[in-house]
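Colleague: Sharing a structure below in structure tokens format, with a few things to ask.
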Amino acid sequence: MSPVFAAVEPTTTWYLVLAAVLFTIGTVGVMVRRNPLVMFMCIELMLNAVNLSFVSLARQLGDIGGQTTVLFVMVVAAAEVVVGLGIVVAVMRRRPNATADDLVELKG
Amino acid sequence: MLDLVWLIPALPLLGFLVIVVLGRRLGDPKAGYLATAMVGGSFAVTVAVFIDMLSKTAEERAHVATLFRWVPVGSLQIDLAFLADPLSITMCLFVTGIGALIHLYAIGYMHGDPRFSKFFLYLNLFVFSMLMLVLGENLLVTFLGWEGVGTCSYFLISFWHERDSAATAGKKAFVTNRVGDWGFMIAMFLAFEAVGTISYGGINAAAEGGMLSQSAATAIAMMLFVGACGKSAQLPLYIWLPDAMEGPTPVSALIHAATMVTAGVFLMTRVNPVIAVAADWVPTLIAIVGVTTALFAATIAVAQTDIKKVLAYSTVSQLGFMFLAVGSGAYVAAIFHMITHAFFKALLFLGSGSVIHGMHHEQDMRRMGALRVLMPVTAITFIIGWLAIAGVPPFAGFWSKDEILLYAFAKSPILYVVGMATALLTAYYMTRQVIMVFFGEARWKDAHDEHGAHGDFQPHESPKVMLLPLVVLAGLSIVGGALQLPFSSDLHFLEKWLEPVIEFGEADISGTWAYNNKYVLLAVAVVVALSGIAASYAVYSKKKVRPIEPEILANAWYYDRGVSNFMGGPGRRGFGAVAWFDATVIDGAVNGVGRLVRGSAGVARKAQSGYVRQYASAIGVGVVLLLVWFVVIRGIL
């Protein structure tokens with residue numbers, strides 16, 4: 001390992017910053033993209049950003065609770081993906097090329 | 001045997017159900033015989049229960065037979081239960097006994113009617129409801145029967161609903177009874193509020209044990225009295241009963257003379273401990289209403305020309321006597337008079353029905369006369385009924401009326417004097433009726449010609465099936481007084497029998513002037529009855545005095561017309577105002593709330609754009625704002 005890298009040992013802060021960056025990318029993506037699939041991926045990005053901050057803090061604080069929570073989040077996210085992708089596929093079958101903005105049936 | 005008490009109402013119900021299904025096939029007269037047999041069977045069961053009860057001691061005679069829990073709601077637990085005790089069995093005996101006789105009579109009277117089987121269907125349903133009413137162990141079961149008899153009364157009054165007057169009379173009876181039913185319901189609510197139960201056992205035990213406050217007892221007793229006034233045709237709610245004569249005569253005899261109209265008196269007797277606990281003015285008011293009604297109706301009966309209307313007003317008057325008894329604390333006398341009245345008034349109604357039948361549906365007494373020759377059995381039995389109601393010893397009515405007047409005297413001599421005046425009028429108008437119908441010259445010959453009818457018209461005696469009930473009831477009207485003779489306390493059979501039920505409320509009059517001089521009062525009663533008869537004889541038979549039948553009495557003091565004018569005029573405007581208030585203010589408030597919600601929602605819905613990304617942005621902005629709130633303003637972190 002080269003001395004340059006040896007000097008900068010990654011700390012918890014680095015991981016939290018990375019998580020914040022990922023979360024922001026996800027948030028902006030949900031807000032600006034119209035393709036439902038991409039929006040979906042952005043949501044997953046946000047979830048995993050939160051997961052990352054959970055495990056980082058769990059390691060720093062030596063608290064197993066944070067890691068446990070991540071497992072729950074992943075399970076729920078998997079279940080959510082099944083439902084969400086099912087809906088997206090069903091919508092795409094009926095209306096190919098539909099964007100999120102085209103689906104405004106529930107407009108007040 | 002006492003557990004079989006459920007069979008008493010079950011048999012008429014069975015008869016009702018069978019006639020519902022097979023009525024048309026059974027037809028005339030089999031449906032009638034079936035209905036009669038069911039009520040007769042019910043009577044047999046009642047007699048068996050009665051005999052069983054006689055073999056027990058007074059304490060063991062009250063028996064509650066619970067069928068099932070009917071209303072289990074929190075602390076309100078109501079059973080469908082029957083209370084077999086001396087009072088209810090007494091009621092059952094004469095309801096089923098007289099009911100069976102009238103059913104039998106109706107087979108002859110209704111012969112040839114196109115809705116023959118339907119008539120017996122209603123009659124059986126009525127008997128079932130009436131038995132539920134008297135056997136009920138709590139106010140709700142009684143109320144079930146109470147409404148049932150009201151409904152059957154409506155059906156049967158307007159049985160010939162092709163006639164406009166019959167349909168109207170049915171409606172009038174139903175609506176007037178609703179006023180009374182309101183009182184009954186309020187009384188039920190009050191009883192539950194005050195005692196926590198509506199079973200008679202619970203309410204009466206609370207009253208006897210001092211657990212019921214005087215104010216609560218007063219309210220309950222007054223509300224039940226309102227209900228009783230409606231059902232038993234007392235002032236100011238009597239107006240439906242005279243009109244109810246539009247129904248077939250067996251109906252008038254069964255429902256509007258012998259059984260249903262006595263339900264109010266029965267109810268008052270059932271809750272006599274409550275009345276005893278209530279404020280002193282409650283029994284006084286009941287007595288005043290009773291005696292006023294008695295006199296009022298008797299004056300009207302003097303000037304009626306319809307054979308059934310006379311009897312109808314007479315019934316109102318006699319019911320007034322029963323309420324006078326209740327108000328004077330003479331519950332035994334009230335029940336005694338109820339029984340003897342059931343005998344002789346059913347007899348008189350059935351007799352008048354026999355006359356109407358023989359006269360081919362002529363009801364005007366001015367077109368009758370001298371019928372004793374052509375209808376000997378009807379005439380003799382009717383005369384026995386007349387002697388009984390007029391108060392001639394030793395017939396049944398004399399003893400029961402005298403007992404009531406004795407207690408009335410002990411309460412207040414004024415009540416006694418008014419009651420005696422009523423007795424005088426009763427003897428007078430009943431004698432008038434007997435003379436107009438059965439004596440004098442035969443006026444139906446001219447009347448027949450006036451009608452422009454053809455052929456030989458000859459009133460005829462009724463068939464045997466109609467005469468048998470007349471003869472039985474005439475026998476009962478003669479001997480009925482033996483239930484309770486005043487001469488010695490050994491002869492107070494009815495009082496001893498009813499004692500467990502009425503012990504608490506019964507007034508004690510021993511030692512009063514009236515009690516010590518009861519033979520004087522008996523003699524006065526005889527003199528009054530005979531002078532009433534003599535006066536009527538002088539007017540209507542000897543024609544020495546011109547009859548006094550002023551227009552105002554023939555029109556029932558214009559009370560009826562007054563009520564309808566009031567209801568049609570100011571009353572109707574009042575209801576119109578209430579309806580306007582309801583439509584404008586109440587509905588306006590409700591609709592206003594609706595409009596308000598719609599309006600505000602119309603603005604708020606604009607926020608729902610349907611763009612998912614916009615919602616996401618809103619959430620994002622919201623999170624940021626919350627962060628700013630917590631971090632910058634609250635200073636957390």
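Residues in the structure tokens are named by chain (A, B, ... in the order shown) and by number from 1 within that chain; ligands are numbered from 1 in the order shown.
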So that I can see what lies close to Leu18 (chain A), please list as an mmCIF file with C-alpha atoms, in the first residue's frame the residues with an atom at most 12 Å from it, counting only C-alpha atoms and leaving out residues fewer than 3 positions away in the same chain.
Modeller:
```
data_model
loop_
_atom_site.group_PDB
_atom_site.id
_atom_site.type_symbol
_atom_site.label_atom_id
_atom_site.label_comp_id
_atom_site.auth_asym_id
_atom_site.auth_seq_id
_atom_site.Cartn_x
_atom_site.Cartn_y
_atom_site.Cartn_z
ATOM 1 C CA PRO A 10 -11.153 6.370 5.841
ATOM 2 C CA THR A 11 -13.225 7.463 8.827
ATOM 3 C CA THR A 12 -16.913 7.209 9.569
ATOM 4 C CA THR A 13 -17.389 10.735 8.323
ATOM 5 C CA TRP A 14 -16.369 9.666 4.822
ATOM 6 C CA TYR A 15 -19.068 7.038 4.754
ATOM 7 C CA VAL A 21 -24.304 12.271 -1.635
ATOM 8 C CA LEU A 22 -26.129 9.087 -2.635
ATOM 9 C CA PHE A 23 -29.280 10.240 -0.882
ATOM 10 C CA THR A 24 -29.208 13.595 -2.628
ATOM 11 C CA ILE A 25 -28.699 11.945 -6.023
ATOM 12 C CA LEU A 45 -30.626 4.544 -4.001
ATOM 13 C CA MET A 46 -32.104 6.616 -1.173
ATOM 14 C CA ASN A 48 -29.402 2.177 0.464
ATOM 15 C CA ALA A 49 -27.909 5.545 1.364
ATOM 16 C CA VAL A 50 -29.780 5.318 4.628
ATOM 17 C CA ASN A 51 -28.572 1.730 5.044
ATOM 18 C CA LEU A 52 -25.001 2.871 4.580
ATOM 19 C CA SER A 53 -25.275 5.514 7.260
ATOM 20 C CA SER A 56 -21.382 3.198 9.538
#
```
Colleague: Which chain A residues are at most 7 Å from chain B (counting only C-alpha atoms), as number ranges by chain?
Modeller: A: 30-31, 100-101, 104-108
Colleague: Pick out the closest residue to Thr96 (chain B) from this set: B:Ala258, B:Gln77, B:Leu156, B:Asp113. Count only C-alpha atoms.
Modeller: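 Going through B:Ala258, B:Gln77, B:Leu156, B:Asp113 one by one, the smallest distance to Thr96 (chain B) is for B:Ala258.
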Colleague: With only C-alpha atoms as the atoms that count, which of A:Glu80, A:Phe54, A:Gly86, A:Cys42 lies nearest to Thr68 (chain A)?
Modeller: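 For Thr68 (chain A), the nearest of the given residues is A:Phe54.
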Colleague: Using only C-alpha atoms, find the one residue out of A:Ile64, A:Val82, A:Leu57, A:Val75 that sits nearest to Leu16 (chain A).
Modeller: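 Once distances to Leu16 (chain A) are computed over only C-alpha atoms, the minimum belongs to A:Leu57.
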Colleague: Neighbouring residues of Ala10 (chain B) were defined as those with any atom within 10 Å, considering only C-alpha atoms; residues of the same chain fewer than 3 positions away were excluded. Please report them as a PyMOL selection string.
Modeller: chain B and resi 5-7+13-16+38-39+42+128+131-132
Colleague: Write a file of the selected residues as a PDB file, in the first residue's frame, keeping N, CA and C atoms.
Modeller:
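part.pdb written:
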```
ATOM      1  N   VAL B   5     -97.634 -22.494  30.644  1.00  0.00           N
ATOM      2  CA  VAL B   5     -98.316 -21.221  30.433  1.00  0.00           C
ATOM      3  C   VAL B   5     -98.045 -20.653  29.034  1.00  0.00           C
ATOM      4  N   TRP B   6     -96.903 -21.016  28.457  1.00  0.00           N
ATOM      5  CA  TRP B   6     -96.590 -20.523  27.100  1.00  0.00           C
ATOM      6  C   TRP B   6     -97.583 -21.039  26.074  1.00  0.00           C
ATOM      7  N   LEU B   7     -98.226 -22.186  26.401  1.00  0.00           N
ATOM      8  CA  LEU B   7     -99.197 -22.748  25.456  1.00  0.00           C
ATOM      9  C   LEU B   7    -100.392 -21.824  25.273  1.00  0.00           C
ATOM     10  N   LEU B  13    -101.716 -18.349  18.240  1.00  0.00           N
ATOM     11  CA  LEU B  13    -100.692 -18.038  17.234  1.00  0.00           C
ATOM     12  C   LEU B  13    -100.655 -19.143  16.180  1.00  0.00           C
ATOM     13  N   LEU B  14    -100.748 -20.391  16.646  1.00  0.00           N
ATOM     14  CA  LEU B  14    -100.773 -21.518  15.716  1.00  0.00           C
ATOM     15  C   LEU B  14    -101.971 -21.396  14.783  1.00  0.00           C
ATOM     16  N   GLY B  15    -103.140 -21.065  15.380  1.00  0.00           N
ATOM     17  CA  GLY B  15    -104.337 -20.893  14.566  1.00  0.00           C
ATOM     18  C   GLY B  15    -104.131 -19.816  13.513  1.00  0.00           C
ATOM     19  N   PHE B  16    -103.513 -18.724  13.934  1.00  0.00           N
ATOM     20  CA  PHE B  16    -103.229 -17.624  13.003  1.00  0.00           C
ATOM     21  C   PHE B  16    -102.365 -18.113  11.851  1.00  0.00           C
ATOM     22  N   MET B  38    -108.922 -23.248  18.479  1.00  0.00           N
ATOM     23  CA  MET B  38    -107.634 -22.819  19.027  1.00  0.00           C
ATOM     24  C   MET B  38    -107.833 -21.971  20.279  1.00  0.00           C
ATOM     25  N   VAL B  39    -108.762 -21.034  20.204  1.00  0.00           N
ATOM     26  CA  VAL B  39    -109.001 -20.196  21.384  1.00  0.00           C
ATOM     27  C   VAL B  39    -109.624 -21.037  22.499  1.00  0.00           C
ATOM     28  N   SER B  42    -106.922 -22.882  24.122  1.00  0.00           N
ATOM     29  CA  SER B  42    -106.210 -21.950  24.980  1.00  0.00           C
ATOM     30  C   SER B  42    -106.957 -21.781  26.305  1.00  0.00           C
ATOM     31  N   PHE B 128    -103.995 -13.770  20.409  1.00  0.00           N
ATOM     32  CA  PHE B 128    -102.575 -14.009  20.728  1.00  0.00           C
ATOM     33  C   PHE B 128    -101.940 -12.750  21.332  1.00  0.00           C
ATOM     34  N   LEU B 131    -103.138 -11.996  24.807  1.00  0.00           N
ATOM     35  CA  LEU B 131    -102.580 -12.891  25.826  1.00  0.00           C
ATOM     36  C   LEU B 131    -101.125 -12.530  26.116  1.00  0.00           C
ATOM     37  N   MET B 132    -100.390 -12.108  25.076  1.00  0.00           N
ATOM     38  CA  MET B 132     -99.025 -11.626  25.321  1.00  0.00           C
ATOM     39  C   MET B 132     -99.067 -10.421  26.258  1.00  0.00           C
TER      40      MET B 132
END
```
Colleague: If you measure from CA of Gly369 (chain B) to CA of Gln433 (chain B), what distance in Å do you get, rounded to one decimal?
Modeller: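 One can read the CA of Gly369 (chain B) to CA of Gln433 (chain B) distance as 9.8 Å.
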Colleague: Please identify all polymer residues within 10 Å of Leu470 (chain B), counting only C-alpha atoms, omitting same-chain residues fewer than 2 positions from it, and present them as a list in words.
Modeller: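 Those residues are Leu101, Ile102, Tyr105, Phe343, Phe344, Ala346, Leu347, Leu348, Phe349, Leu350, Gly351, Ser354, Val377, Thr378, Ile380, Thr381, Phe382, Gly385, Lys464, Val465, Met466, Leu467, Leu468, Val472, Leu473, Ala474, Gly475 and Leu476 of chain B.
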Colleague: Which residues are near Ser232 (chain B)? Cut-off 9 Å, only C-alpha atoms, ignore same chain within fewer than 2 positions. Put them as a PyMOL selection string.
Modeller: chain B and resi 227-230+234+237-238+241+256+260-265+316+319-320
Colleague: May I ask for the distance between CA of Gly481 (chain B) and CA of Tyr407 (chain B), given in Å to one decimal place?
Modeller: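 CA of Gly481 (chain B) sits 17.0 Å away from CA of Tyr407 (chain B).
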Colleague: Of the candidates B:Ile356, B:Leu522, B:Val141, B:Met188, which shows the shortest atom-to-atom distance to Leu224 (chain B), using only C-alpha atoms?
Modeller: B:Met188
Colleague: Hey, what does DSSP flag as alpha helix (DSSP H) within region 13-108 of chain A? Can you give it to me as an MDAnalysis selection string?
Modeller: chainID A and resid 13:32 36:61 64:94
Colleague: Do you know which residues are at most 10 Å from Arg270 (chain B) counting only C-alpha atoms, after dropping those on the same chain fewer than 2 positions away, and could you put them as a PyMOL selection string?
Modeller: chain B and resi 87-88+134+200-201+204+264-268+272-275+331+501-502+505
